[in-house]
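Student: Structure: work05.cif, mmCIF, C-alpha atoms and all ligand atoms.
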data_final
#
loop_
_atom_site.label_atom_id
_atom_site.label_comp_id
_atom_site.auth_asym_id
_atom_site.auth_seq_id
_atom_site.Cartn_x
_atom_site.Cartn_y
_atom_site.Cartn_z
CA MET A 929 7.34 4.63 -12.35
CA ILE A 930 4.82 5.89 -9.81
CA ALA A 931 3.72 3.42 -7.13
CA GLY A 932 1.26 3.32 -4.26
CA ILE A 933 1.04 1.13 -1.19
CA GLU A 934 -2.04 0.80 1.00
CA LEU A 935 -1.04 -0.95 4.18
CA GLY A 936 -4.13 -2.08 6.06
CA GLY A 937 -4.55 -4.05 9.26
CA THR A 938 -5.73 -7.13 7.37
CA LYS A 939 -4.87 -6.53 3.71
CA THR A 940 -2.19 -4.73 1.77
CA VAL A 941 -2.47 -3.31 -1.74
CA VAL A 942 0.47 -2.35 -3.93
CA ALA A 943 -0.03 -0.69 -7.31
CA THR A 944 1.64 1.08 -10.14
CA GLY A 945 -0.20 4.04 -11.61
CA THR A 946 -0.19 7.78 -12.09
CA ALA A 947 0.12 10.76 -9.75
CA GLN A 948 -3.48 11.58 -10.78
CA GLY A 949 -4.69 8.48 -8.98
CA ASP A 950 -5.16 6.11 -11.92
CA ILE A 951 -4.17 2.49 -11.29
CA ILE A 952 -2.21 0.66 -13.99
CA GLU A 953 -1.74 -2.63 -12.18
CA GLU A 954 -2.38 -3.73 -8.60
CA HIS A 955 -1.80 -6.66 -6.28
CA ARG A 956 -3.80 -7.37 -3.09
CA PHE A 957 -2.63 -9.76 -0.40
CA PRO A 958 -3.06 -10.37 3.36
CA THR A 959 -1.00 -8.24 5.75
CA THR A 960 1.23 -10.54 7.84
CA THR A 961 4.53 -9.68 9.54
CA PRO A 962 6.20 -6.39 8.60
CA GLU A 963 9.20 -8.12 7.00
CA GLU A 964 7.08 -10.49 4.91
CA THR A 965 4.53 -7.84 3.91
CA LEU A 966 7.09 -5.24 2.82
CA GLY A 967 9.12 -8.05 1.22
CA THR A 968 6.15 -8.90 -1.01
CA VAL A 969 5.65 -5.21 -1.86
CA ILE A 970 9.31 -4.71 -2.80
CA GLU A 971 9.49 -7.91 -4.85
CA TRP A 972 6.28 -7.09 -6.75
CA LEU A 973 7.45 -3.56 -7.54
CA SER A 974 10.98 -4.65 -8.48
CA GLU A 975 9.54 -7.00 -11.10
CA ARG A 976 7.95 -3.95 -12.75
CA GLY A 977 10.77 -1.42 -12.57
CA ILE A 978 12.31 1.05 -10.18
CA PRO A 979 9.81 3.52 -8.72
CA ASN A 980 10.65 7.23 -8.80
CA SER A 981 8.02 7.98 -6.22
CA ILE A 982 5.94 5.89 -3.80
CA GLY A 983 2.88 7.09 -1.90
CA ILE A 984 2.21 5.10 1.25
CA ALA A 985 -1.21 4.98 2.92
CA ALA A 986 -0.73 3.21 6.25
CA PHE A 987 -2.87 2.06 9.16
CA GLY A 988 -2.22 4.08 12.29
CA PRO A 989 -0.94 5.19 14.53
CA VAL A 990 1.90 6.14 12.22
CA GLY A 991 4.43 8.99 12.09
CA ILE A 992 3.51 11.10 9.06
CA VAL A 993 5.09 14.51 9.66
CA PRO A 994 8.44 14.91 7.82
CA GLY A 995 11.33 15.87 10.07
CA ARG A 996 9.99 14.23 13.20
CA GLU A 997 11.89 11.32 14.74
CA ASN A 998 8.92 8.98 14.29
CA HIS A 999 8.38 9.83 10.60
CA GLY A 1000 7.63 6.72 8.55
CA LYS A 1001 7.22 4.44 11.55
CA ILE A 1002 4.24 2.47 12.74
CA LEU A 1003 3.75 3.60 16.35
CA ALA A 1004 2.08 1.97 19.37
CA THR A 1005 -0.14 -0.61 17.69
CA PRO A 1006 -1.46 -3.84 19.23
CA LYS A 1007 -0.72 -5.52 15.87
CA ALA A 1008 2.06 -8.00 16.67
CA GLY A 1009 5.53 -7.07 15.41
CA TRP A 1010 4.58 -3.75 13.83
CA ALA A 1011 5.16 -1.22 16.64
CA GLY A 1012 8.29 0.80 15.85
CA PHE A 1013 8.70 -0.69 12.38
CA SER A 1014 9.95 1.91 9.89
CA LEU A 1015 8.20 1.61 6.54
CA THR A 1016 10.28 4.39 4.99
CA ARG A 1017 13.61 2.89 6.10
CA VAL A 1018 12.87 -0.48 4.48
CA LEU A 1019 11.57 1.11 1.28
CA SER A 1020 14.46 3.57 0.96
CA GLU A 1021 16.94 0.70 1.38
CA ALA A 1022 15.24 -1.14 -1.49
CA PHE A 1023 14.81 1.94 -3.70
CA PRO A 1024 17.45 4.50 -2.60
CA ALA A 1025 16.62 7.18 -5.20
CA CYS A 1026 12.87 6.97 -4.72
CA GLY A 1027 10.80 9.78 -3.18
CA LEU A 1028 8.52 8.55 -0.38
CA VAL A 1029 5.35 10.26 0.85
CA ILE A 1030 3.51 8.69 3.76
CA ASP A 1031 0.13 9.44 5.27
CA THR A 1032 -2.66 7.59 7.03
CA ASP A 1033 -4.94 5.28 5.04
CA VAL A 1034 -7.91 7.50 5.89
CA ASN A 1035 -6.12 10.71 4.85
CA ALA A 1036 -5.27 9.00 1.55
CA ALA A 1037 -8.93 8.04 1.19
CA VAL A 1038 -10.18 11.59 1.80
CA LEU A 1039 -7.62 12.90 -0.69
CA ALA A 1040 -8.84 10.46 -3.36
CA GLU A 1041 -12.52 11.20 -2.74
CA ALA A 1042 -11.81 14.96 -2.84
CA LYS A 1043 -9.82 14.76 -6.09
CA ILE A 1044 -11.63 12.11 -8.10
CA GLY A 1045 -14.50 10.76 -6.00
CA ALA A 1046 -17.63 11.73 -4.08
CA ALA A 1047 -16.31 15.19 -3.14
CA ALA A 1048 -14.48 15.97 -6.39
CA GLY A 1049 -13.48 19.62 -6.57
CA LEU A 1050 -14.02 20.38 -2.87
CA ASP A 1051 -11.13 21.52 -0.64
CA ASP A 1052 -12.78 20.90 2.72
CA VAL A 1053 -13.82 17.31 3.14
CA ALA A 1054 -13.92 14.75 5.95
CA TYR A 1055 -13.93 10.98 5.48
CA ILE A 1056 -15.12 8.57 8.15
CA THR A 1057 -14.72 4.83 7.86
CA VAL A 1058 -16.88 2.60 10.03
CA GLY A 1059 -15.76 -1.00 10.37
CA THR A 1060 -13.84 -2.92 13.03
CA GLY A 1061 -12.88 0.52 14.30
CA ILE A 1062 -13.81 4.06 13.33
CA GLY A 1063 -11.21 6.28 11.70
CA GLY A 1064 -11.19 9.46 9.75
CA GLY A 1065 -9.19 11.78 7.56
CA ILE A 1066 -9.58 15.51 6.98
CA LEU A 1067 -8.73 17.69 4.02
CA SER A 1068 -8.88 21.36 5.07
CA GLY A 1069 -8.22 24.18 2.63
CA GLY A 1070 -6.81 21.56 0.25
CA HIS A 1071 -4.32 20.25 2.83
CA LEU A 1072 -4.42 16.97 4.70
CA ILE A 1073 -4.53 17.59 8.44
CA HIS A 1074 -1.74 15.95 10.44
CA GLY A 1075 -1.44 17.69 13.80
CA ALA A 1076 0.64 16.35 16.67
CA LEU A 1077 -0.13 12.77 15.59
CA HIS A 1078 -3.04 12.66 13.15
CA PRO A 1079 -6.80 12.97 13.58
CA GLU A 1080 -8.35 10.08 15.54
CA PHE A 1081 -11.95 11.07 15.46
CA GLY A 1082 -13.18 7.58 16.20
CA HIS A 1083 -12.44 8.58 19.78
CA LEU A 1084 -14.60 11.71 19.84
CA LYS A 1085 -16.85 11.74 22.87
CA VAL A 1086 -20.48 11.53 21.78
CA PRO A 1087 -23.70 11.93 23.78
CA ARG A 1088 -25.60 8.73 24.49
CA ALA A 1089 -28.54 7.88 22.30
CA PRO A 1090 -31.73 7.94 24.40
CA GLY A 1091 -32.09 4.64 26.24
CA ASP A 1092 -28.71 3.23 25.18
CA ASP A 1093 -26.94 1.80 28.21
CA PHE A 1094 -24.50 -0.38 26.25
CA ARG A 1095 -21.08 -0.15 27.93
CA GLY A 1096 -19.12 0.49 24.70
CA VAL A 1097 -16.26 -1.57 23.29
CA CYS A 1098 -13.39 0.95 23.38
CA PRO A 1099 -10.93 -0.16 26.10
CA PHE A 1100 -9.90 3.49 26.64
CA HIS A 1101 -13.22 5.36 26.69
CA THR A 1102 -16.75 4.39 27.65
CA ASP A 1103 -18.54 6.92 25.46
CA CYS A 1104 -16.54 7.40 22.27
CA LEU A 1105 -17.75 7.03 18.70
CA GLU A 1106 -15.71 3.88 18.08
CA GLY A 1107 -16.84 2.36 21.39
CA LEU A 1108 -20.51 2.94 20.62
CA ALA A 1109 -20.79 2.73 16.81
CA SER A 1110 -18.04 0.48 15.42
CA GLY A 1111 -18.89 -2.93 13.96
CA PRO A 1112 -17.99 -4.83 17.15
CA SER A 1113 -20.14 -2.50 19.28
CA ILE A 1114 -23.17 -3.17 17.05
CA GLY A 1115 -22.57 -6.92 17.28
CA ASP A 1116 -22.25 -6.83 21.07
CA ARG A 1117 -25.21 -4.53 21.63
CA TRP A 1118 -27.72 -6.28 19.38
CA GLY A 1119 -26.39 -9.85 19.60
CA LYS A 1120 -25.92 -10.12 15.83
CA PRO A 1121 -23.25 -8.81 13.47
CA ALA A 1122 -24.12 -5.59 11.64
CA HIS A 1123 -24.47 -7.27 8.25
CA GLU A 1124 -27.28 -9.49 9.61
CA LEU A 1125 -29.39 -6.55 10.84
CA PRO A 1126 -32.09 -5.50 8.35
CA ALA A 1127 -32.17 -1.90 7.10
CA ASP A 1128 -35.26 -1.12 9.23
CA HIS A 1129 -33.68 -2.40 12.46
CA ALA A 1130 -33.48 0.11 15.34
CA ALA A 1131 -29.70 -0.32 15.28
CA TRP A 1132 -29.43 1.94 12.25
CA GLU A 1133 -31.30 4.90 13.78
CA MET A 1134 -28.93 4.59 16.72
CA GLN A 1135 -25.97 4.36 14.37
CA ALA A 1136 -27.16 7.54 12.64
CA TRP A 1137 -27.46 9.26 16.03
CA TYR A 1138 -23.84 8.55 16.92
CA LEU A 1139 -22.39 9.34 13.50
CA ALA A 1140 -24.42 12.57 13.24
CA HIS A 1141 -23.11 13.73 16.63
CA GLY A 1142 -19.54 12.96 15.57
CA ILE A 1143 -20.07 14.88 12.34
CA LEU A 1144 -21.55 17.82 14.29
CA SER A 1145 -18.25 18.08 16.18
CA LEU A 1146 -16.33 18.04 12.89
CA LEU A 1147 -18.59 20.83 11.62
CA ALA A 1148 -17.84 22.91 14.69
CA ILE A 1149 -14.06 22.47 14.39
CA VAL A 1150 -13.02 22.00 10.74
CA SER A 1151 -16.24 22.88 8.87
CA PRO A 1152 -16.16 20.36 6.02
CA SER A 1153 -18.19 21.11 2.88
CA ARG A 1154 -19.06 17.43 2.60
CA VAL A 1155 -18.61 14.35 4.76
CA ILE A 1156 -18.07 10.92 3.29
CA VAL A 1157 -19.05 7.93 5.42
CA GLY A 1158 -17.64 4.63 4.20
CA GLY A 1159 -16.45 1.29 5.53
CA GLY A 1160 -18.15 -2.07 5.81
CA VAL A 1161 -20.67 -0.99 8.48
CA SER A 1162 -21.93 1.99 6.42
CA GLN A 1163 -23.27 0.04 3.48
CA VAL A 1164 -26.76 -0.73 4.76
CA GLU A 1165 -29.51 0.80 2.61
CA GLY A 1166 -30.62 4.25 3.78
CA LEU A 1167 -27.99 4.90 6.46
CA HIS A 1168 -26.68 8.10 4.89
CA GLY A 1169 -30.21 9.51 4.65
CA LYS A 1170 -30.76 8.73 8.35
CA ILE A 1171 -27.49 10.48 9.24
CA ASN A 1172 -28.46 13.54 7.18
CA ALA A 1173 -31.87 13.73 8.84
CA ARG A 1174 -30.44 13.47 12.36
CA LEU A 1175 -27.65 15.92 11.55
CA THR A 1176 -30.10 18.48 10.17
CA GLU A 1177 -32.09 18.18 13.39
CA ILE A 1178 -29.18 18.55 15.81
CA ALA A 1179 -27.42 21.22 13.73
CA ALA A 1180 -30.57 23.27 14.44
CA GLY A 1181 -30.11 25.60 11.48
CA TYR A 1182 -26.78 26.90 12.76
CA PHE A 1183 -24.33 25.31 10.31
CA PRO A 1184 -24.84 26.45 6.68
CA PRO A 1185 -22.83 23.57 5.09
CA VAL A 1186 -25.39 21.06 6.36
CA GLN A 1187 -28.11 22.77 4.33
CA VAL A 1188 -26.53 21.33 1.18
CA GLU A 1189 -28.58 18.40 -0.04
CA ASP A 1190 -26.83 15.08 0.64
CA TYR A 1191 -24.27 16.57 2.98
CA THR A 1192 -23.22 13.11 4.18
CA VAL A 1193 -22.60 10.75 1.27
CA PRO A 1194 -21.16 7.29 0.63
CA PRO A 1195 -17.71 7.04 -0.99
CA ALA A 1196 -17.58 6.92 -4.78
CA LEU A 1197 -14.32 4.98 -4.98
CA GLY A 1198 -15.26 2.11 -2.65
CA GLN A 1199 -12.40 -0.29 -2.03
CA GLU A 1200 -10.08 1.71 -4.30
CA ALA A 1201 -10.04 4.98 -2.29
CA GLY A 1202 -6.98 4.09 -0.21
CA ILE A 1203 -4.74 2.86 -3.01
CA ARG A 1204 -5.78 5.65 -5.40
CA GLY A 1205 -5.11 8.12 -2.60
CA ALA A 1206 -1.67 6.57 -2.10
CA LEU A 1207 -0.91 7.26 -5.77
CA LEU A 1208 -2.24 10.84 -5.42
CA LEU A 1209 0.06 11.40 -2.42
CA THR A 1210 3.04 11.24 -4.80
CA ALA A 1211 1.87 14.55 -6.33
CA SER A 1212 2.07 16.32 -2.97
ZN ZN B 1301 -12.22 5.42 22.40
#
What is this structure when it is put down as structure tokens?
Ligand SMILES: [Zn+2]
Tutor:
Amino acid sequence: MIAGIELGGTKTVVATGTAQGDIIEEHRFPTTTPEETLGTVIEWLSERGIPNSIGIAAFGPVGIVPGRENHGKILATPKAGWAGFSLTRVLSEAFPACGLVIDTDVNAAVLAEAKIGAAAGLDDVAYITVGTGIGGGILSGGHLIHGALHPEFGHLKVPRAPGDDFRGVCPFHTDCLEGLASGPSIGDRWGKPAHELPADHAAWEMQAWYLAHGILSLLAIVSPSRVIVGGGVSQVEGLHGKINARLTEIAAGYFPPVQVEDYTVPPALGQEAGIRGALLLTAS
């Protein structure tokens, strides 16, 4: 039995399926304490069999590099009770013979979109999710990028949009992508939550400015063939077109990948990218 777990800040998904990313059966429930959440996962899986392999797509920061002391652990998170909790220890106690592969939720999402979604067949893909925070995953040369921790490109420094003097919501940085373009920053800046702002509101041109500048940095460093922008704050009509237009302008003809039509696209797998990516992790 192949299983996947997507552990999110607010919801958790557990599924049985295939190493090709197909879901057989899934269960979604709210993320609570680590003991209760993993308890529900283990009970649900045990009722269906004994998994041979589990792919885990977890919120970060999380230790994802095999061999390191922090592998399998949730690291310094403000989420109560989770810091230092070892996902792999609890799962290997429940299923001792089971292979475990862990990565970030956003790396799982980019893997799924690159294998069976909006970037199917491409080896160099970046995925950005814009919601309560901004996170991202990178597939480079067919490999998920880990690095010393894992990519955190929500905290890229970005140049201010003309006339924007909003202070930013990131407690660490005044001018980072997450501080200036996450859902909470839009709500604070415009006095209304993002989902109440119409598609022709000035907020979306500004949003495109910040996301395009973040993507320009990705182009300069990892050179993706396509960039997928998803998450709850990316779903407004026309946003991807605005990002492409701004990106084409600021790329100034220098970056050939951008000349592909629809360089920045929405995800094809929607809410299923993370859990399908978790299943695909078992093939790695
Ligand atoms: Zn920041």
Student: Report the closest atom pair, with its distance in Å rounded to one decimal, for each residue of chain A that has an atom no farther than 6 Å from ligand ZN 1301 (chain B); count all atoms listed in the file, sort by chain and then rising residue number, and write it as a tab-separated table.
Tutor:
residue	atom	partner	partner_atom	distance
A:His1083	CA	B:ZN1301	ZN	4.1
A:Cys1098	CA	B:ZN1301	ZN	4.7
A:Phe1100	CA	B:ZN1301	ZN	5.2
A:His1101	CA	B:ZN1301	ZN	4.4
A:Cys1104	CA	B:ZN1301	ZN	4.8
A:Glu1106	CA	B:ZN1301	ZN	5.8
A:Gly1107	CA	B:ZN1301	ZN	5.6
Student: Pick from A:Ala1109, A:Ile1203, A:Ala1131, A:Ala1054: nearest to A:Ser1145, with all atoms listed in the file counted?
Tutor: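 With all atoms listed in the file as the atom set, the closest residue is A:Ala1054.
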Student: Please report the interatomic distance between atom CA of A:Ala1140 and atom CA of A:Trp1118 in Å with one decimal.
Tutor: 20.1 Å
Student: Taking only residues of stretch 1074-1163 of chain A that have an atom at most 8 Å from an atom of stretch 1188-1191 of chain A, what is each one's shortest atom pair and its distance in Å to one decimal, using only C-alpha atoms, in chain and number order, as a tab-separated table?
Tutor:
residue	atom	partner	partner_atom	distance
A:Ser1153	CA	A:Tyr1191	CA	7.6
A:Arg1154	CA	A:Tyr1191	CA	5.3
A:Val1155	CA	A:Tyr1191	CA	6.3
Student: Pick the closest to A:Ala1022 from A:Ile982, A:Ile1066, A:Ala1037, A:Ile1178: which is it, counting all atoms listed in the file?
Tutor: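 Once distances to A:Ala1022 are computed over all atoms listed in the file, the minimum belongs to A:Ile982.
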Student: Give me, as an MDAnalysis selection string, all polymer residues having an atom no more than 9 Å from A:Ala1042, counting all atoms listed in the file and skipping those fewer than 4 positions away in the same chain.
Tutor: chainID A and resid 1037:1038 1046:1053 1067 1070
Student: So that I can see what lies close to stretch 1084-1088 of chain A, please list as a PyMOL selection string the residues with an atom at most 7 Å from it, counting only C-alpha atoms and leaving out residues fewer than 6 positions away in the same chain.
Tutor: chain A and resi 1103-1105+1138+1141-1142
Student: Compile the contact shell of A:Thr965 as number ranges by chain: residues with an atom at most 12 Å away, counting only C-alpha atoms, same-chain residues fewer than 2 positions apart removed.
Tutor: A: 933-942, 956-963, 967-972, 1009-1010, 1013, 1015, 1018-1019
Student: What is the distance between atom CA of A:Glu1021 and atom CA of A:Asn980, in Å to one decimal?
Tutor: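 Those two atoms sit 13.6 Å apart.
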